[in-house]
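So this block is target_12.cif, mmCIF, C-alpha atoms and all ligand atoms:
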data_target
#
loop_
_atom_site.label_atom_id
_atom_site.label_comp_id
_atom_site.auth_asym_id
_atom_site.auth_seq_id
_atom_site.Cartn_x
_atom_site.Cartn_y
_atom_site.Cartn_z
CA MET A 1 0.00 0.00 0.00
CA LYS A 2 1.27 3.47 -0.94
CA LYS A 3 2.42 5.48 2.05
CA VAL A 4 0.93 8.99 2.05
CA ASN A 5 4.19 10.46 3.30
CA ASN A 6 6.12 9.23 0.25
CA PRO A 7 6.63 11.36 -2.87
CA TYR A 8 4.83 10.31 -6.07
CA ILE A 9 7.34 8.32 -8.17
CA ILE A 10 7.39 8.38 -11.99
CA LEU A 11 9.78 5.92 -13.61
CA ASN A 12 11.11 7.28 -16.91
CA ALA A 13 13.37 5.41 -19.33
CA ALA A 14 14.21 4.80 -22.95
CA MET A 15 14.84 1.16 -23.72
CA THR A 16 15.59 -1.01 -26.75
CA ILE A 17 13.07 -3.46 -28.22
CA ASP A 18 14.77 -6.13 -26.08
CA GLY A 19 14.39 -4.16 -22.84
CA LYS A 20 17.93 -2.81 -22.46
CA ILE A 21 18.61 0.75 -21.25
CA ALA A 22 22.31 0.62 -22.18
CA THR A 23 24.65 -1.66 -24.12
CA LYS A 24 27.20 -3.85 -22.36
CA GLU A 25 29.70 -0.97 -22.81
CA GLY A 26 27.27 1.48 -21.20
CA ASP A 27 26.14 3.27 -24.37
CA SER A 28 22.66 4.60 -23.56
CA GLU A 29 22.09 6.97 -26.51
CA LEU A 30 18.60 5.68 -27.25
CA SER A 31 16.47 8.83 -27.28
CA ASP A 32 16.15 11.09 -30.31
CA LYS A 33 15.56 14.83 -30.04
CA VAL A 34 11.77 14.47 -29.94
CA ASP A 35 11.99 12.04 -27.03
CA TRP A 36 14.49 14.24 -25.17
CA LYS A 37 12.13 17.19 -25.56
CA GLU A 38 9.32 15.14 -24.00
CA VAL A 39 11.59 14.04 -21.15
CA HIS A 40 12.65 17.62 -20.51
CA LYS A 41 9.01 18.69 -20.50
CA LEU A 42 8.30 16.03 -17.89
CA ARG A 43 11.25 17.32 -15.85
CA THR A 44 9.52 20.74 -15.69
CA GLN A 45 6.61 19.07 -13.87
CA VAL A 46 8.50 17.40 -11.00
CA ASP A 47 10.25 18.49 -7.82
CA ALA A 48 13.28 16.22 -8.27
CA ILE A 49 15.12 13.86 -10.63
CA MET A 50 16.68 10.78 -9.05
CA VAL A 51 19.41 8.47 -10.37
CA GLY A 52 21.69 5.75 -9.02
CA LYS A 53 25.42 6.20 -8.60
CA GLU A 54 26.37 4.07 -11.63
CA THR A 55 24.42 6.36 -13.94
CA ILE A 56 26.52 9.27 -12.68
CA LEU A 57 29.77 7.33 -13.08
CA LYS A 58 28.93 6.03 -16.56
CA ASP A 59 27.12 9.01 -18.15
CA ASN A 60 28.15 12.03 -16.05
CA PRO A 61 24.74 13.64 -16.79
CA LYS A 62 23.88 17.25 -15.97
CA LEU A 63 20.24 16.35 -15.28
CA HIS A 64 19.16 19.82 -16.37
CA ILE A 65 16.45 21.18 -18.67
CA LYS A 66 16.89 22.41 -22.21
CA TYR A 67 14.04 23.65 -24.43
CA TYR A 68 11.73 24.97 -21.65
CA ASN A 69 11.51 27.73 -19.06
CA HIS A 70 11.29 26.29 -15.58
CA LYS A 71 11.94 26.97 -11.93
CA GLY A 72 14.54 24.23 -11.39
CA TYR A 73 14.39 21.18 -9.13
CA TYR A 74 16.52 18.94 -6.98
CA ARG A 75 18.92 16.40 -8.46
CA ILE A 76 19.07 13.38 -6.18
CA VAL A 77 21.83 10.74 -6.38
CA LEU A 78 21.83 7.51 -4.39
CA ASP A 79 25.44 6.75 -3.50
CA SER A 80 25.63 4.65 -0.31
CA ASN A 81 29.36 5.15 0.31
CA LEU A 82 29.69 8.67 -1.15
CA THR A 83 32.00 7.90 -4.04
CA ILE A 84 30.97 10.03 -7.03
CA PRO A 85 33.72 12.48 -8.08
CA LEU A 86 33.43 16.00 -6.66
CA GLU A 87 33.89 17.22 -10.26
CA SER A 88 30.77 15.37 -11.51
CA ASN A 89 28.45 17.53 -13.65
CA VAL A 90 25.63 16.80 -11.23
CA ILE A 91 27.61 18.70 -8.57
CA SER A 92 29.30 21.43 -10.61
CA PHE A 93 26.71 22.33 -13.28
CA GLN A 94 24.29 25.14 -12.29
CA PRO A 95 23.83 24.18 -8.61
CA ASP A 96 21.86 27.40 -8.02
CA ILE A 97 19.08 26.16 -10.34
CA TYR A 98 19.40 22.44 -9.64
CA PRO A 99 20.53 21.89 -6.04
CA THR A 100 21.98 18.42 -5.54
CA ILE A 101 21.15 15.96 -2.77
CA ILE A 102 23.32 12.87 -2.32
CA CYS A 103 21.74 10.10 -0.26
CA ILE A 104 24.18 7.93 1.68
CA THR A 105 24.27 5.48 4.58
CA ASP A 106 25.40 6.06 8.16
CA ASN A 107 28.62 4.19 7.33
CA VAL A 108 30.16 7.24 5.61
CA PRO A 109 32.57 9.30 7.79
CA PHE A 110 31.41 12.88 8.46
CA THR A 111 34.80 14.22 7.28
CA LYS A 112 34.12 12.83 3.80
CA GLN A 113 30.60 14.30 3.84
CA ARG A 114 32.02 17.77 4.53
CA ASP A 115 33.99 17.81 1.24
CA TYR A 116 30.71 17.51 -0.65
CA GLU A 117 28.87 19.99 1.57
CA GLU A 118 31.58 22.55 0.82
CA LYS A 119 30.55 22.24 -2.85
CA GLY A 120 26.93 23.03 -1.90
CA VAL A 121 25.67 19.44 -1.88
CA LYS A 122 23.04 18.45 0.70
CA ILE A 123 23.71 15.04 2.21
CA ILE A 124 20.92 12.83 3.56
CA ARG A 125 21.70 9.72 5.58
CA ALA A 126 19.17 6.89 5.28
CA GLY A 127 19.92 3.66 7.09
CA ASP A 128 23.06 1.84 8.18
CA GLY A 129 22.86 -1.11 5.77
CA LYS A 130 24.91 -1.74 2.65
CA ARG A 131 22.69 0.50 0.53
CA VAL A 132 20.54 3.57 0.99
CA ASP A 133 17.26 2.52 2.63
CA LEU A 134 14.44 3.77 0.37
CA ILE A 135 11.76 3.19 3.00
CA LYS A 136 13.59 5.58 5.34
CA LEU A 137 14.64 7.99 2.58
CA LEU A 138 11.34 8.75 0.84
CA PRO A 139 9.53 10.32 3.83
CA ILE A 140 12.62 12.49 4.47
CA LEU A 141 12.48 13.75 0.87
CA LYS A 142 8.75 14.40 1.20
CA SER A 143 9.38 16.43 4.36
CA LEU A 144 11.64 18.70 2.27
CA GLY A 145 8.68 19.52 0.02
CA ILE A 146 9.61 17.00 -2.69
CA ASN A 147 6.19 15.69 -3.71
CA THR A 148 6.99 14.24 -7.14
CA ILE A 149 10.18 12.48 -8.25
CA LEU A 150 11.17 11.48 -11.77
CA LEU A 151 13.19 8.28 -11.36
CA GLU A 152 15.63 8.12 -14.29
CA GLY A 153 17.38 4.81 -13.55
CA GLY A 154 19.50 2.90 -13.93
CA GLY A 155 18.37 -0.71 -13.80
CA ASN A 156 19.58 -1.51 -10.28
CA LEU A 157 17.92 1.49 -8.68
CA ASN A 158 14.76 0.77 -10.69
CA TRP A 159 14.71 -2.74 -9.18
CA SER A 160 14.89 -1.42 -5.62
CA PHE A 161 11.83 0.74 -6.32
CA ILE A 162 9.95 -2.09 -8.06
CA GLN A 163 10.87 -4.60 -5.33
CA ASN A 164 9.37 -2.29 -2.71
CA ASN A 165 6.33 -1.47 -4.89
CA LEU A 166 7.17 2.23 -4.86
CA ILE A 167 6.50 3.17 -8.52
CA ASP A 168 3.27 5.07 -9.21
CA ASP A 169 3.65 5.90 -12.91
CA ILE A 170 5.82 4.72 -15.78
CA ARG A 171 6.80 6.55 -18.99
CA LEU A 172 8.69 4.21 -21.23
CA THR A 173 10.02 4.94 -24.71
CA ILE A 174 10.85 1.97 -26.90
CA ALA A 175 13.68 2.83 -29.26
CA PRO A 176 14.15 0.93 -32.54
CA TRP A 177 17.17 -1.23 -31.71
CA ILE A 178 17.95 -4.67 -30.35
CA VAL A 179 21.34 -4.76 -28.62
CA GLY A 180 21.32 -8.07 -26.75
CA GLY A 181 23.97 -9.13 -24.24
CA LYS A 182 23.45 -10.41 -20.72
CA GLU A 183 25.95 -7.78 -19.51
CA ALA A 184 23.85 -4.99 -21.04
CA THR A 185 21.77 -3.13 -18.43
CA SER A 186 18.06 -4.01 -18.47
CA LEU A 187 15.26 -1.62 -17.57
CA VAL A 188 15.03 -3.47 -14.25
CA GLU A 189 17.96 -5.44 -12.86
CA GLY A 190 18.15 -7.12 -9.41
CA ILE A 191 17.13 -10.65 -8.48
CA GLY A 192 13.56 -10.32 -9.76
CA PHE A 193 10.31 -11.84 -8.51
CA GLU A 194 9.70 -15.58 -8.48
CA GLU A 195 6.04 -15.39 -9.48
CA ILE A 196 4.04 -12.95 -11.62
CA LYS A 197 1.42 -12.65 -8.87
CA SER A 198 4.02 -11.17 -6.48
CA ALA A 199 5.11 -8.47 -8.94
CA PRO A 200 3.49 -5.01 -9.07
CA ARG A 201 0.97 -4.66 -11.89
CA PHE A 202 0.49 -1.56 -14.05
CA ASP A 203 -2.41 -0.34 -16.20
CA LEU A 204 -1.58 1.03 -19.65
CA PHE A 205 -3.27 4.42 -20.12
CA ASP A 206 -1.54 5.99 -23.12
CA VAL A 207 0.32 4.93 -26.26
CA LYS A 208 2.06 7.38 -28.54
CA ILE A 209 3.41 6.11 -31.83
CA ARG A 210 5.62 8.19 -34.07
CA THR A 211 8.29 7.40 -36.62
CA TYR A 212 10.21 4.42 -35.25
CA TYR A 213 9.50 5.25 -31.56
CA ILE A 214 6.69 4.22 -29.19
CA THR A 215 6.02 5.79 -25.80
CA LEU A 216 3.94 3.82 -23.30
CA SER A 217 2.44 5.29 -20.13
CA TYR A 218 1.30 3.17 -17.20
CA LYS A 219 -0.17 3.74 -13.75
CA LYS A 220 0.15 1.37 -10.84
CA ARG A 221 -2.96 -0.75 -10.43
CA LYS A 222 -4.68 0.27 -7.20
N1 LIG B 1 18.17 4.53 -21.25
C1 LIG B 1 17.84 5.13 -20.13
O1 LIG B 1 16.72 5.68 -20.01
C2 LIG B 1 18.81 5.12 -18.97
C3 LIG B 1 18.50 5.89 -17.84
C4 LIG B 1 19.39 5.85 -16.77
C5 LIG B 1 20.53 5.08 -16.82
N2 LIG B 1 20.80 4.35 -17.93
C6 LIG B 1 22.00 3.49 -17.99
O2 LIG B 1 21.96 2.57 -16.91
C7 LIG B 1 23.30 2.21 -16.56
C8 LIG B 1 23.46 2.28 -15.07
O3 LIG B 1 22.54 1.42 -14.47
P1 LIG B 1 22.99 0.47 -13.25
O4 LIG B 1 21.87 -0.45 -13.02
O5 LIG B 1 24.33 -0.09 -13.56
O6 LIG B 1 23.19 1.47 -12.04
P2 LIG B 1 22.26 2.55 -11.29
O7 LIG B 1 20.93 1.98 -11.03
O8 LIG B 1 22.39 3.87 -11.99
O9 LIG B 1 23.06 2.70 -9.91
C9 LIG B 1 23.06 1.62 -9.03
C10 LIG B 1 23.88 1.96 -7.81
O10 LIG B 1 23.18 2.91 -7.00
C11 LIG B 1 23.58 2.74 -5.67
N3 LIG B 1 22.44 2.62 -4.75
C12 LIG B 1 22.34 3.25 -3.56
N4 LIG B 1 21.23 2.88 -2.94
C13 LIG B 1 20.60 2.00 -3.73
C14 LIG B 1 19.41 1.27 -3.59
N5 LIG B 1 18.60 1.38 -2.53
N6 LIG B 1 19.06 0.42 -4.59
C15 LIG B 1 19.83 0.30 -5.69
N7 LIG B 1 20.98 0.97 -5.88
C16 LIG B 1 21.36 1.82 -4.90
C17 LIG B 1 24.35 1.39 -5.61
O11 LIG B 1 25.75 1.68 -5.47
P3 LIG B 1 26.32 1.78 -3.96
O12 LIG B 1 26.00 0.44 -3.32
O13 LIG B 1 27.77 2.02 -4.13
O14 LIG B 1 25.59 2.89 -3.35
C18 LIG B 1 24.09 0.76 -6.95
O15 LIG B 1 25.17 -0.01 -7.41
C19 LIG B 1 24.21 3.18 -17.28
O16 LIG B 1 24.85 2.54 -18.37
C20 LIG B 1 23.27 4.26 -17.81
O17 LIG B 1 23.71 4.80 -19.04
C21 LIG B 1 19.96 4.35 -19.01
#
How would this structure read if it were set down as structure tokens?
Amino acid sequence: MKKVNNPYIILNAAMTIDGKIATKEGDSELSDKVDWKEVHKLRTQVDAIMVGKETILKDNPKLHIKYYNHKGYYRIVLDSNLTIPLESNVISFQPDIYPTIICITDNVPFTKQRDYEEKGVKIIRAGDGKRVDLIKLLPILKSLGINTILLEGGGNLNWSFIQNNLIDDIRLTIAPWIVGGKEATSLVEGIGFEEIKSAPRFDLFDVKIRTYYITLSYKKRK
């Protein structure tokens, strides 16, 4: 059951016909300009964009908005041991418009945390396990006024959200390639469910078809 003190979570991704969000070498250039424009429009409607640490390490994204006027939002990175480079775009690029929050565990020394805080990053500690505890984290984010989050991957972070049944909405673009490879990142990684009946179910509410691309929109079944 959805907790009222959690932000609304929209999973957004572009994947290949065979369900991969990047090749085995980490190439994730799947969206064309039209799709990017739609993603950036969606970014104008949320309070925060969230990604996992590997997406920062592999893509070094700015997580900003082109094409539209907007008020800015938080960029949230889940990095349990606080390892992303201080020079990452997500820290250095326009922090006044897109303040960055890095979510870590209690295992990180406070001295290390200070280096990031000096760059203007807000650090949130959530749990003392191996990874950031989403169940503890989401109400903290909500208490900061973050009501809607666009979850932009990658596959391992997507799994943690799916496993805990925390996704409310999905916007999924299918790009016209098949890349294969068991080392290529899938839309959802992790250990997976054993039975279909244990997995969260989603209702399709919109299909947009344009040259070569399809965008599917789903809502969690209540
Ligand atoms: N096509 C697309 O739409 C799209 C979008 C985004 C990313 N991508 C691609 O996806 C690839 C990266 O995906 P990925 O699956 O390797 O990594 P990821 O999901 O971006 O990051 C996973 C990492 O996040 C950290 N993390 C912290 N707390 C977590 C939690 N509760 N649950 C899960 N992870 C947590 C973990 O590292 P620690 O244990 O060290 O904290 C974990 O290894 C890249 O190649 C990127 O290009 C594609």
Around ligand LIG 1 (chain B), which protein and nucleic acid residues have at least one atom no more than 8 Å from it, if we count all atoms listed in the file? List them as a ChimeraX atom specification. /A:12-15,20-31,51-56,58-59,77-83,103-104,130-134,152-161,185-189
Please provide the set of residues having any atom within 12 Å of A:Ile140, restricted to only C-alpha atoms, with same-chain residues fewer than 2 positions apart removed, written as a list in words. Asn5, Asn6, Pro7, Ile101, Cys103, Ile123, Ile124, Arg125, Ala126, Gly127, Asp133, Leu134, Ile135, Lys136, Leu137, Leu138, Lys142, Ser143, Leu144, Gly145, Ile146 and Asn147 of chain A
I'd like the neighbourhood of stretch 192-207 of chain A as a PyMOL selection string, where a residue qualifies if any of its atoms comes within 12 Å (using all atoms listed in the file), though same-chain residues fewer than 4 positions away should be ignored. chain A and resi 1-2+11+155-156+158-174+186-188+213-222
Keeping only C-alpha atoms, write those residues as a short mmCIF file (atom, residue, chain, number, x, y, z; two decimals), in the frame of the given file.
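Below you can see out_10.cif, which holds the result:
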data_model
loop_
_atom_site.label_atom_id
_atom_site.label_comp_id
_atom_site.auth_asym_id
_atom_site.auth_seq_id
_atom_site.Cartn_x
_atom_site.Cartn_y
_atom_site.Cartn_z
CA MET A 1 0.00 0.00 0.00
CA LYS A 2 1.27 3.47 -0.94
CA LEU A 11 9.78 5.92 -13.61
CA GLY A 155 18.37 -0.71 -13.80
CA ASN A 156 19.58 -1.51 -10.28
CA ASN A 158 14.76 0.77 -10.69
CA TRP A 159 14.71 -2.74 -9.18
CA SER A 160 14.89 -1.42 -5.62
CA PHE A 161 11.83 0.74 -6.32
CA ILE A 162 9.95 -2.09 -8.06
CA GLN A 163 10.87 -4.60 -5.33
CA ASN A 164 9.37 -2.29 -2.71
CA ASN A 165 6.33 -1.47 -4.89
CA LEU A 166 7.17 2.23 -4.86
CA ILE A 167 6.50 3.17 -8.52
CA ASP A 168 3.27 5.07 -9.21
CA ASP A 169 3.65 5.90 -12.91
CA ILE A 170 5.82 4.72 -15.78
CA ARG A 171 6.80 6.55 -18.99
CA LEU A 172 8.69 4.21 -21.23
CA THR A 173 10.02 4.94 -24.71
CA ILE A 174 10.85 1.97 -26.90
CA SER A 186 18.06 -4.01 -18.47
CA LEU A 187 15.26 -1.62 -17.57
CA VAL A 188 15.03 -3.47 -14.25
CA TYR A 213 9.50 5.25 -31.56
CA ILE A 214 6.69 4.22 -29.19
CA THR A 215 6.02 5.79 -25.80
CA LEU A 216 3.94 3.82 -23.30
CA SER A 217 2.44 5.29 -20.13
CA TYR A 218 1.30 3.17 -17.20
CA LYS A 219 -0.17 3.74 -13.75
CA LYS A 220 0.15 1.37 -10.84
CA ARG A 221 -2.96 -0.75 -10.43
CA LYS A 222 -4.68 0.27 -7.20
#
For atom CA of A:Lys62 and atom CA of A:Glu118, determine how far apart the two atoms are, in Å to one decimal place.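 Separation between atom CA of A:Lys62 and atom CA of A:Glu118: 19.2 Å.
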Top pick for closest residue to A:Tyr116, considering A:Leu86, A:Asp128, A:Pro139, A:Pro95 and counting all atoms listed in the file: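 Residue with the minimum atom-to-atom distance to A:Tyr116: A:Leu86.
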Six-sided padding of 4 Å per side, axis-aligned box over stretch 97-106 of chain A, centre and edges in Å, one decimal, as AutoDock Vina command-line options:
--center_x 22.2 --center_y 15.8 --center_z -1.1 --size_x 14.3 --size_y 28.7 --size_z 26.5
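Computed from the coordinates, the atom CA of A:Lys112 to atom CA of A:Pro85 distance equals 11.9 Å.
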Between atom CA of A:Met50 and atom CA of A:Tyr74, distance in Å (one decimal): 8.4 Å
Go through A:Lys37, A:Arg43, A:Arg114, A:Arg210 and flag the residue nearest A:Gly72, using all atoms listed in the file for the distances.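 Going through A:Lys37, A:Arg43, A:Arg114, A:Arg210 one by one, the smallest distance to A:Gly72 is for A:Arg43.
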Pop stretch 186-201 of chain A out of the structure in the block and write N, CA and C atoms as a CSV table (one decimal), in the first residue's frame.
chain,number,residue,atom,x,y,z
A,186,SER,N,19.5,-3.9,-18.2
A,186,SER,CA,18.1,-4.0,-18.5
A,186,SER,C,17.3,-2.9,-17.7
A,187,LEU,N,16.1,-2.6,-18.2
A,187,LEU,CA,15.3,-1.6,-17.6
A,187,LEU,C,15.2,-1.8,-16.1
A,188,VAL,N,15.0,-3.1,-15.7
A,188,VAL,CA,15.0,-3.5,-14.3
A,188,VAL,C,16.0,-4.6,-14.0
A,189,GLU,N,17.0,-4.4,-13.2
A,189,GLU,CA,18.0,-5.4,-12.9
A,189,GLU,C,17.5,-6.2,-11.6
A,190,GLY,N,18.5,-6.5,-10.7
A,190,GLY,CA,18.1,-7.1,-9.4
A,190,GLY,C,17.8,-8.6,-9.5
A,191,ILE,N,17.4,-9.2,-8.5
A,191,ILE,CA,17.1,-10.7,-8.5
A,191,ILE,C,15.8,-11.0,-9.1
A,192,GLY,N,14.9,-10.1,-9.1
A,192,GLY,CA,13.6,-10.3,-9.8
A,192,GLY,C,12.6,-11.1,-8.9
A,193,PHE,N,11.3,-11.1,-9.2
A,193,PHE,CA,10.3,-11.8,-8.5
A,193,PHE,C,10.3,-13.3,-9.0
A,194,GLU,N,9.8,-14.2,-8.1
A,194,GLU,CA,9.7,-15.6,-8.5
A,194,GLU,C,8.4,-15.9,-9.2
A,195,GLU,N,7.4,-15.1,-8.8
A,195,GLU,CA,6.0,-15.4,-9.5
A,195,GLU,C,5.4,-14.1,-10.0
A,196,ILE,N,4.7,-14.1,-11.1
A,196,ILE,CA,4.0,-13.0,-11.6
A,196,ILE,C,3.1,-12.3,-10.6
A,197,LYS,N,2.4,-13.2,-9.8
A,197,LYS,CA,1.4,-12.6,-8.9
A,197,LYS,C,2.1,-11.8,-7.7
A,198,SER,N,3.4,-12.0,-7.5
A,198,SER,CA,4.0,-11.2,-6.5
A,198,SER,C,4.5,-9.8,-7.0
A,199,ALA,N,4.5,-9.7,-8.3
A,199,ALA,CA,5.1,-8.5,-8.9
A,199,ALA,C,4.1,-7.4,-9.0
A,200,PRO,N,4.5,-6.1,-8.9
A,200,PRO,CA,3.5,-5.0,-9.1
A,200,PRO,C,2.9,-5.0,-10.5
A,201,ARG,N,1.6,-4.7,-10.6
A,201,ARG,CA,1.0,-4.7,-11.9
A,201,ARG,C,0.6,-3.2,-12.3
